[in-house]
Amino acid sequence: MSECTFIIIGATGDLTRRKLLPAIYRLITHKKLEKFIIVGAALEATTIGQILDSAKEFIEGDIDPVIWQKIVDNSYYQSLNVTVPADFVLLDKVVEGLEKKHGMTGNRLVYLAVSASFFCEVTLQLAASGVVKKLATNEPMWHRIVYEKPFGRDAQSAHEINECIAASLYEHQAYRIDHYLTKELVSNIALIRFTNCVFEPLWNNRYIDSVQIILSETVGVGKRGGYYDAYGALRDVVQNHMLELLAIIAMEAPEKLTGDFIRNERVKALQKVRVVDAIAGQYEGYTQEEWVPKDSTTETFAALFLMIDNPRWAGVPFYLKTGKFLDKKETVIHIKFKQVDCLLTKYCPSESNYLTIRLAPDESFILTLNAKKPGTSQELMPMSMQYCHSCIFGAEKFSGYETLIEEIMRGEQSVSVRCDEIEAAWRVIDTAKQKEVPLSSYTPGSSGPEAAELFAKKHGMRWR
């Protein structure tokens, strides 16, 4: 954990300056990283100084000049064309020389900040050149590759990339990451569920009526039009973030809350997901966005009705909704419990109990119960019992990428999506895409297309 050689393929991109370099800076600041080298590699003619300078504006607070100078002294840039094998051979020689110069042990974390279309070719070249060696878990050093989303664009392409990885590396060396899995409250979901008797006995179709997972944004595609149009809401958000949240909610109890114990249970849940219904929408003006084709039919809004065909969840609907340019920004999970049989003579609860897990903007768990309305004898009203994580501890101390890099260095694989897990998630998306639902228009700043409310009426539910 105390030392690492970072090799960033695609070092001139936004991800490096906005996320990776600020995360490495914070790891050094918090003294979780004592010895390091950063080797940036990309096709562009640039310098490591220019790359580092471009990252400064994304580092919160005042930059410590001593730490920054240490980063400058330990960072390097190597020109690399990902289609030229000789460039990878040269990269390996450069890295070996730098590791010898700085007295490193050879731990290497290679971050692929490149398009998914290059994942296979780059993986093969990294292995063939020796930049990343196939190392068992009992070796004195480790080599790991991080694959930034999106990992493919459907189940078939994801499978092909997985085959490439399997030909070059052990599975424990591959990290297909979803930074949502590092969020403090996401990792808390399983602990809240499995360590509290008031929840776990009720976590099944006998007591839970339905589950909603909502991820809404108030912004459009901005300058990401070209990328976004190639994927859309289902591939960009539902496949990774939302289905991973569903898997954490739905999984059976793992033997341990680490590594493959968690991943085994997540994939079992995803393999049982069935798509019942779907709708899609596109905000007005989307086709006028920069880099978006004028005739684009890419969805910027999607809602799904899913079922999980196993004994625990049989008959419980899971509703997923996401969209850009909506009326509010939030990421939230609503677990609705079934109504109790009314034992009162006059007034009955008008609301079911809810457990709300809010991931953004304010991290919190909220349990909604029914209690007596003041000034009445039997009339009830909903009341909330809240654990406000951000109120007690403030905003997340560590960014998702700082936690992510730290966990990868530690070898913690629960932050990574395993090969079978990611293919199971893509199969859900492929099924939803095959339904070819009509594209409904909606006004920017609204709650979404009218079809979302018709969807709710059709299935006898309402969006929270």
# chains A, B, ... in the order shown; residues from 1 in each chain; ligands from 1
call {"tool": "residues_around", "arguments": {"residues": "A:Ala452", "least_positions_apart": "4", "cutoff": "9 Å", "atoms": "only C-alpha atoms", "output": "PyMOL selection string"}}
result
chain A and resi 279-281+302-303+321+447-448+456-457+463
call {"tool": "write_last_selection", "arguments": {"atoms": "all heavy atoms", "output": "CSV table (one decimal), in the first residue's frame"}}
result
chain,number,residue,atom,x,y,z
A,279,ILE,N,-39.5,2.5,-20.8
A,279,ILE,CA,-39.9,3.7,-21.6
A,279,ILE,C,-38.6,4.5,-21.8
A,279,ILE,O,-37.6,4.4,-21.1
A,279,ILE,CB,-40.9,4.6,-21.0
A,279,ILE,CG1,-40.4,5.1,-19.6
A,279,ILE,CG2,-42.3,3.9,-20.8
A,279,ILE,CD1,-41.3,6.1,-19.0
A,280,ALA,N,-38.6,5.4,-22.8
A,280,ALA,CA,-37.4,6.2,-23.1
A,280,ALA,C,-37.9,7.6,-23.5
A,280,ALA,O,-39.0,7.8,-24.1
A,280,ALA,CB,-36.6,5.6,-24.3
A,281,GLY,N,-37.0,8.6,-23.3
A,281,GLY,CA,-37.4,10.0,-23.6
A,281,GLY,C,-36.1,10.7,-24.1
A,281,GLY,O,-35.0,10.3,-23.8
A,302,ALA,N,-34.7,7.4,-19.2
A,302,ALA,CA,-35.2,6.0,-19.3
A,302,ALA,C,-35.8,5.5,-18.0
A,302,ALA,O,-35.4,6.0,-16.9
A,302,ALA,CB,-34.0,5.0,-19.6
A,303,ALA,N,-36.8,4.7,-18.1
A,303,ALA,CA,-37.4,4.1,-16.9
A,303,ALA,C,-37.6,2.6,-17.2
A,303,ALA,O,-38.1,2.3,-18.3
A,303,ALA,CB,-38.7,4.8,-16.5
A,321,LYS,N,-35.4,4.7,-12.7
A,321,LYS,CA,-35.6,6.0,-13.5
A,321,LYS,C,-34.4,6.8,-13.5
A,321,LYS,O,-33.8,7.1,-12.5
A,321,LYS,CB,-36.8,6.7,-12.9
A,321,LYS,CG,-37.2,8.0,-13.8
A,321,LYS,CD,-38.5,8.7,-13.2
A,321,LYS,CE,-38.2,9.4,-11.9
A,321,LYS,NZ,-39.3,10.3,-11.5
A,447,SER,N,-40.1,17.1,-14.9
A,447,SER,CA,-39.9,15.8,-14.2
A,447,SER,C,-39.7,14.6,-15.2
A,447,SER,O,-39.6,13.5,-14.8
A,447,SER,CB,-41.1,15.5,-13.3
A,447,SER,OG,-42.3,15.5,-14.0
A,448,GLY,N,-39.7,15.0,-16.5
A,448,GLY,CA,-39.5,13.9,-17.5
A,448,GLY,C,-40.7,13.9,-18.5
A,448,GLY,O,-41.6,14.7,-18.4
A,456,ALA,N,-46.3,4.9,-14.7
A,456,ALA,CA,-46.7,4.8,-13.3
A,456,ALA,C,-48.1,4.3,-13.2
A,456,ALA,O,-48.4,3.4,-12.4
A,456,ALA,CB,-46.4,6.1,-12.6
A,457,LYS,N,-49.0,4.9,-13.9
A,457,LYS,CA,-50.4,4.5,-13.8
A,457,LYS,C,-50.6,3.1,-14.3
A,457,LYS,O,-51.4,2.4,-13.7
A,457,LYS,CB,-51.3,5.5,-14.6
A,457,LYS,CG,-51.4,6.9,-14.0
A,457,LYS,CD,-52.2,7.8,-14.9
A,457,LYS,CE,-52.3,9.2,-14.3
A,457,LYS,NZ,-53.1,10.2,-15.2
A,463,TRP,N,-44.1,7.6,-8.6
A,463,TRP,CA,-42.7,7.9,-8.4
A,463,TRP,C,-42.6,8.8,-7.1
A,463,TRP,O,-43.4,9.7,-6.9
A,463,TRP,CB,-42.2,8.7,-9.6
A,463,TRP,CG,-42.1,7.9,-10.9
A,463,TRP,CD1,-42.9,8.2,-12.0
A,463,TRP,CD2,-41.3,6.8,-11.2
A,463,TRP,NE1,-42.6,7.2,-12.9
A,463,TRP,CE2,-41.6,6.4,-12.5
A,463,TRP,CE3,-40.3,6.2,-10.5
A,463,TRP,CZ2,-41.0,5.4,-13.1
A,463,TRP,CZ3,-39.6,5.1,-11.1
A,463,TRP,CH2,-40.0,4.7,-12.4
call {"tool": "residues_around", "arguments": {"residues": "A:Thr431", "least_positions_apart": "6", "cutoff": "10 Å", "atoms": "only C-alpha atoms", "output": "ChimeraX atom specification"}}
result
/A:274-276,278
call {"tool": "select_by_dssp", "arguments": {"residues": "stretch 57-299 of chain A", "states": "helix (DSSP H, G or I)", "output": "PyMOL selection string"}}
result
chain A and resi 57-58+65-73+85-102+116-129+155-168+171-173+179-182+184-194+200-202+222-229+232-250+259-271+286-288
call {"tool": "closest_residue", "arguments": {"among": "A:Asn162, A:Gln271, A:Ser364, A:Gln282", "to": "A:Cys388", "atoms": "only C-alpha atoms"}}
result
A:Ser364
call {"tool": "residues_around", "arguments": {"residues": "A:His459", "least_positions_apart": "4", "cutoff": "12 Å", "atoms": "only C-alpha atoms", "output": "VMD selection string"}}
result
chain A and resid 210 276 to 278 304 to 306 317 to 319 452 to 455 463
call {"tool": "write_last_selection", "arguments": {"atoms": "all heavy atoms", "output": "CSV table (one decimal), in the first residue's frame"}}
result
chain,number,residue,atom,x,y,z
A,210,SER,N,-42.2,-2.8,-3.0
A,210,SER,CA,-41.5,-2.4,-4.3
A,210,SER,C,-40.3,-1.6,-3.9
A,210,SER,O,-40.1,-1.2,-2.8
A,210,SER,CB,-42.5,-1.5,-5.2
A,210,SER,OG,-42.8,-0.3,-4.5
A,276,VAL,N,-39.5,-6.2,-17.5
A,276,VAL,CA,-40.9,-6.3,-17.8
A,276,VAL,C,-41.4,-5.2,-18.7
A,276,VAL,O,-42.2,-5.5,-19.6
A,276,VAL,CB,-41.7,-6.3,-16.4
A,276,VAL,CG1,-43.2,-6.3,-16.7
A,276,VAL,CG2,-41.2,-7.4,-15.5
A,277,ASP,N,-40.9,-4.0,-18.5
A,277,ASP,CA,-41.4,-2.9,-19.3
A,277,ASP,C,-40.3,-1.8,-19.3
A,277,ASP,O,-39.4,-1.8,-18.4
A,277,ASP,CB,-42.7,-2.3,-18.7
A,277,ASP,CG,-43.5,-1.5,-19.7
A,277,ASP,OD1,-43.0,-1.4,-20.8
A,277,ASP,OD2,-44.5,-0.9,-19.3
A,278,ALA,N,-40.4,-0.9,-20.3
A,278,ALA,CA,-39.4,0.1,-20.4
A,278,ALA,C,-40.0,1.3,-21.2
A,278,ALA,O,-40.9,1.1,-22.0
A,278,ALA,CB,-38.2,-0.4,-21.1
A,304,LEU,N,-37.4,1.8,-16.2
A,304,LEU,CA,-37.5,0.3,-16.4
A,304,LEU,C,-38.3,-0.3,-15.2
A,304,LEU,O,-38.3,0.2,-14.1
A,304,LEU,CB,-36.1,-0.3,-16.4
A,304,LEU,CG,-35.1,0.0,-17.4
A,304,LEU,CD1,-33.8,-0.7,-17.2
A,304,LEU,CD2,-35.6,-0.4,-18.8
A,305,PHE,N,-39.1,-1.3,-15.6
A,305,PHE,CA,-39.8,-2.1,-14.6
A,305,PHE,C,-39.1,-3.5,-14.7
A,305,PHE,O,-39.1,-4.2,-15.7
A,305,PHE,CB,-41.2,-2.2,-15.0
A,305,PHE,CG,-42.1,-3.1,-14.1
A,305,PHE,CD1,-41.6,-3.8,-13.0
A,305,PHE,CD2,-43.4,-3.4,-14.5
A,305,PHE,CE1,-42.3,-4.6,-12.3
A,305,PHE,CE2,-44.2,-4.3,-13.8
A,305,PHE,CZ,-43.7,-4.9,-12.7
A,306,LEU,N,-38.4,-3.8,-13.6
A,306,LEU,CA,-37.6,-5.1,-13.5
A,306,LEU,C,-38.2,-6.0,-12.4
A,306,LEU,O,-38.7,-5.5,-11.4
A,306,LEU,CB,-36.2,-4.8,-13.2
A,306,LEU,CG,-35.4,-3.8,-14.1
A,306,LEU,CD1,-34.0,-3.6,-13.6
A,306,LEU,CD2,-35.4,-4.3,-15.6
A,317,PRO,N,-41.7,-5.6,-7.6
A,317,PRO,CA,-41.2,-4.8,-8.8
A,317,PRO,C,-40.1,-3.9,-8.3
A,317,PRO,O,-40.1,-3.3,-7.3
A,317,PRO,CB,-42.4,-4.0,-9.2
A,317,PRO,CG,-43.3,-3.9,-8.0
A,317,PRO,CD,-43.0,-5.2,-7.2
A,318,PHE,N,-39.1,-3.8,-9.2
A,318,PHE,CA,-38.0,-2.8,-9.1
A,318,PHE,C,-38.1,-1.8,-10.2
A,318,PHE,O,-38.1,-2.1,-11.4
A,318,PHE,CB,-36.6,-3.5,-9.2
A,318,PHE,CG,-36.2,-4.3,-7.9
A,318,PHE,CD1,-36.8,-5.5,-7.6
A,318,PHE,CD2,-35.2,-3.8,-7.1
A,318,PHE,CE1,-36.5,-6.1,-6.4
A,318,PHE,CE2,-34.8,-4.5,-6.0
A,318,PHE,CZ,-35.4,-5.7,-5.6
A,319,TYR,N,-38.3,-0.5,-9.8
A,319,TYR,CA,-38.5,0.5,-10.8
A,319,TYR,C,-37.2,1.4,-10.8
A,319,TYR,O,-36.8,1.9,-9.8
A,319,TYR,CB,-39.7,1.4,-10.4
A,319,TYR,CG,-41.0,0.7,-10.4
A,319,TYR,CD1,-41.6,0.4,-9.1
A,319,TYR,CD2,-41.6,0.2,-11.5
A,319,TYR,CE1,-42.8,-0.3,-9.1
A,319,TYR,CE2,-42.8,-0.5,-11.5
A,319,TYR,CZ,-43.4,-0.7,-10.2
A,319,TYR,OH,-44.6,-1.4,-10.1
A,452,ALA,N,-43.7,8.9,-18.5
A,452,ALA,CA,-43.3,8.4,-17.2
A,452,ALA,C,-44.5,8.3,-16.3
A,452,ALA,O,-44.6,7.3,-15.5
A,452,ALA,CB,-42.2,9.3,-16.6
A,453,GLU,N,-45.4,9.2,-16.4
A,453,GLU,CA,-46.6,9.2,-15.5
A,453,GLU,C,-47.6,8.1,-16.0
A,453,GLU,O,-48.2,7.5,-15.2
A,453,GLU,CB,-47.3,10.6,-15.5
A,453,GLU,CG,-46.4,11.6,-14.8
A,453,GLU,CD,-46.0,11.2,-13.4
A,453,GLU,OE1,-46.8,10.6,-12.7
A,453,GLU,OE2,-44.8,11.4,-13.1
A,454,LEU,N,-47.6,8.0,-17.4
A,454,LEU,CA,-48.5,6.9,-17.9
A,454,LEU,C,-47.9,5.5,-17.5
A,454,LEU,O,-48.7,4.6,-17.2
A,454,LEU,CB,-48.5,7.0,-19.4
A,454,LEU,CG,-49.2,8.3,-20.0
A,454,LEU,CD1,-49.1,8.4,-21.5
A,454,LEU,CD2,-50.6,8.4,-19.5
A,455,PHE,N,-46.6,5.4,-17.5
A,455,PHE,CA,-45.9,4.2,-17.0
A,455,PHE,C,-46.3,3.9,-15.6
A,455,PHE,O,-46.6,2.8,-15.2
A,455,PHE,CB,-44.4,4.4,-17.2
A,455,PHE,CG,-43.5,3.3,-16.6
A,455,PHE,CD1,-43.1,2.3,-17.5
A,455,PHE,CD2,-43.2,3.3,-15.3
A,455,PHE,CE1,-42.2,1.3,-17.0
A,455,PHE,CE2,-42.3,2.3,-14.8
A,455,PHE,CZ,-41.9,1.3,-15.7
A,463,TRP,N,-44.1,7.6,-8.6
A,463,TRP,CA,-42.7,7.9,-8.4
A,463,TRP,C,-42.6,8.8,-7.1
A,463,TRP,O,-43.4,9.7,-6.9
A,463,TRP,CB,-42.2,8.7,-9.6
A,463,TRP,CG,-42.1,7.9,-10.9
A,463,TRP,CD1,-42.9,8.2,-12.0
A,463,TRP,CD2,-41.3,6.8,-11.2
A,463,TRP,NE1,-42.6,7.2,-12.9
A,463,TRP,CE2,-41.6,6.4,-12.5
A,463,TRP,CE3,-40.3,6.2,-10.5
A,463,TRP,CZ2,-41.0,5.4,-13.1
A,463,TRP,CZ3,-39.6,5.1,-11.1
A,463,TRP,CH2,-40.0,4.7,-12.4
call {"tool": "residues_around", "arguments": {"residues": "A:Leu52", "least_positions_apart": "3", "cutoff": "8 Å", "atoms": "only C-alpha atoms", "output": "PDB file with N, CA, C and O atoms, in the first residue's frame"}}
result
ATOM      1  N   ARG A  17      -6.645  14.792 -15.462  1.00  0.00           N
ATOM      2  CA  ARG A  17      -6.490  16.066 -14.736  1.00  0.00           C
ATOM      3  C   ARG A  17      -7.626  16.329 -13.761  1.00  0.00           C
ATOM      4  O   ARG A  17      -7.413  16.955 -12.714  1.00  0.00           O
ATOM      5  N   LEU A  21      -5.158  12.630 -11.062  1.00  0.00           N
ATOM      6  CA  LEU A  21      -4.075  13.369 -10.412  1.00  0.00           C
ATOM      7  C   LEU A  21      -4.518  14.021  -9.099  1.00  0.00           C
ATOM      8  O   LEU A  21      -3.782  13.940  -8.100  1.00  0.00           O
ATOM      9  N   ILE A  48       5.043  16.432 -19.071  1.00  0.00           N
ATOM     10  CA  ILE A  48       4.386  16.093 -17.808  1.00  0.00           C
ATOM     11  C   ILE A  48       4.065  17.355 -17.030  1.00  0.00           C
ATOM     12  O   ILE A  48       3.059  17.422 -16.312  1.00  0.00           O
ATOM     13  N   GLY A  49       4.893  18.393 -17.199  1.00  0.00           N
ATOM     14  CA  GLY A  49       4.615  19.657 -16.527  1.00  0.00           C
ATOM     15  C   GLY A  49       3.297  20.265 -16.953  1.00  0.00           C
ATOM     16  O   GLY A  49       2.533  20.779 -16.124  1.00  0.00           O
ATOM     17  N   ALA A  55      -4.020  20.020 -13.966  1.00  0.00           N
ATOM     18  CA  ALA A  55      -4.777  19.361 -12.894  1.00  0.00           C
ATOM     19  C   ALA A  55      -4.942  20.240 -11.663  1.00  0.00           C
ATOM     20  O   ALA A  55      -5.789  19.963 -10.804  1.00  0.00           O
ATOM     21  N   LYS A  56      -4.153  21.299 -11.554  1.00  0.00           N
ATOM     22  CA  LYS A  56      -4.139  22.110 -10.329  1.00  0.00           C
ATOM     23  C   LYS A  56      -5.508  22.682  -9.984  1.00  0.00           C
ATOM     24  O   LYS A  56      -5.906  22.722  -8.818  1.00  0.00           O
ATOM     25  N   VAL A  72       5.946  16.583  -8.835  1.00  0.00           N
ATOM     26  CA  VAL A  72       6.685  17.033 -10.021  1.00  0.00           C
ATOM     27  C   VAL A  72       7.969  16.229 -10.197  1.00  0.00           C
ATOM     28  O   VAL A  72       8.307  15.784 -11.302  1.00  0.00           O
TER      29      VAL A  72
END
call {"tool": "closest_residue", "arguments": {"among": "A:Ala41, A:Ile71, A:Val94, A:Leu234", "to": "A:Asp53", "atoms": "only C-alpha atoms"}}
result
A:Ile71
call {"tool": "residues_around", "arguments": {"residues": "A:Phe6", "least_positions_apart": "5", "cutoff": "8 Å", "atoms": "only C-alpha atoms", "output": "NGL selection string"}}
result
:A and (36-39 or 108-111)
call {"tool": "write_last_selection", "arguments": {"atoms": "C-alpha atoms", "output": "compact mmCIF listing (two decimals), in the first residue's frame"}}
result
# COMPACT_ATOMS: atom_id res chain seq x y z
CA PHE A 36 5.45 6.57 -5.97
CA ILE A 37 6.16 7.27 -9.63
CA ILE A 38 3.63 8.64 -12.12
CA VAL A 39 4.21 7.81 -15.78
CA ARG A 108 2.29 -1.29 -10.94
CA LEU A 109 -1.19 0.16 -11.34
CA VAL A 110 -2.03 0.79 -14.99
CA TYR A 111 -5.06 3.03 -15.53
call {"tool": "residues_around", "arguments": {"residues": "A:Thr218", "least_positions_apart": "2", "cutoff": "7 Å", "atoms": "only C-alpha atoms", "output": "list of chain:residue names"}}
result
A:Ser216, A:Gly220, A:Lys324, A:Phe325, A:Leu326, A:Asp327, A:Lys328, A:Lys329, A:Gly445
call {"tool": "write_last_selection", "arguments": {"atoms": "N, CA and C atoms", "output": "mmCIF file, in the first residue's frame"}}
result
data_model
loop_
_atom_site.group_PDB
_atom_site.id
_atom_site.type_symbol
_atom_site.label_atom_id
_atom_site.label_comp_id
_atom_site.auth_asym_id
_atom_site.auth_seq_id
_atom_site.Cartn_x
_atom_site.Cartn_y
_atom_site.Cartn_z
ATOM 1 N N SER A 216 -31.326 11.235 -11.106
ATOM 2 C CA SER A 216 -31.724 12.321 -12.005
ATOM 3 C C SER A 216 -30.688 13.433 -11.976
ATOM 4 N N GLY A 220 -27.745 19.047 -19.007
ATOM 5 C CA GLY A 220 -27.798 18.287 -20.250
ATOM 6 C C GLY A 220 -26.466 17.598 -20.508
ATOM 7 N N LYS A 324 -31.425 13.145 -17.904
ATOM 8 C CA LYS A 324 -30.713 14.414 -17.899
ATOM 9 C C LYS A 324 -31.711 15.558 -18.076
ATOM 10 N N PHE A 325 -31.300 16.742 -17.628
ATOM 11 C CA PHE A 325 -32.106 17.960 -17.748
ATOM 12 C C PHE A 325 -33.466 17.807 -17.075
ATOM 13 N N LEU A 326 -33.472 17.223 -15.867
ATOM 14 C CA LEU A 326 -34.709 17.080 -15.112
ATOM 15 C C LEU A 326 -34.811 18.191 -14.071
ATOM 16 N N ASP A 327 -35.885 18.168 -13.279
ATOM 17 C CA ASP A 327 -36.162 19.273 -12.353
ATOM 18 C C ASP A 327 -35.333 19.243 -11.085
ATOM 19 N N LYS A 328 -34.700 18.114 -10.768
ATOM 20 C CA LYS A 328 -33.856 18.073 -9.574
ATOM 21 C C LYS A 328 -32.739 17.055 -9.743
ATOM 22 N N LYS A 329 -31.679 17.304 -8.993
ATOM 23 C CA LYS A 329 -30.519 16.422 -9.025
ATOM 24 C C LYS A 329 -30.553 15.547 -7.779
ATOM 25 N N GLY A 445 -35.837 20.729 -17.553
ATOM 26 C CA GLY A 445 -36.266 21.266 -16.272
ATOM 27 C C GLY A 445 -37.562 20.683 -15.758
#
call {"tool": "closest_atom_pairs", "arguments": {"of": "stretch 53-165 of chain A", "to": "stretch 416-426 of chain A", "cutoff": "7 Å", "atoms": "only C-alpha atoms", "output": "tab-separated table"}}
result
residue	atom	partner	partner_atom	distance
A:Asp154	CA	A:Trp426	CA	5.4
A:Ala155	CA	A:Trp426	CA	4.8
A:Ala158	CA	A:Glu423	CA	6.3
A:His159	CA	A:Glu423	CA	6.6
A:Asn162	CA	A:Cys419	CA	6.2
call {"tool": "write_last_selection", "arguments": {"atoms": "N, CA and C atoms", "output": "tab-separated table (two decimals), in the first residue's frame"}}
result
chain	number	residue	atom	x	y	z
A	154	ASP	N	-22.37	-3.55	-25.12
A	154	ASP	CA	-23.41	-4.57	-25.00
A	154	ASP	C	-22.75	-5.83	-24.45
A	155	ALA	N	-23.55	-6.88	-24.25
A	155	ALA	CA	-23.02	-8.10	-23.64
A	155	ALA	C	-21.95	-8.74	-24.52
A	158	ALA	N	-18.62	-6.68	-24.35
A	158	ALA	CA	-18.05	-6.87	-23.02
A	158	ALA	C	-17.41	-8.25	-22.90
A	159	HIS	N	-18.07	-9.26	-23.46
A	159	HIS	CA	-17.52	-10.62	-23.43
A	159	HIS	C	-16.21	-10.70	-24.21
A	162	ASN	N	-13.52	-9.21	-22.14
A	162	ASN	CA	-13.20	-10.14	-21.06
A	162	ASN	C	-12.33	-11.30	-21.54
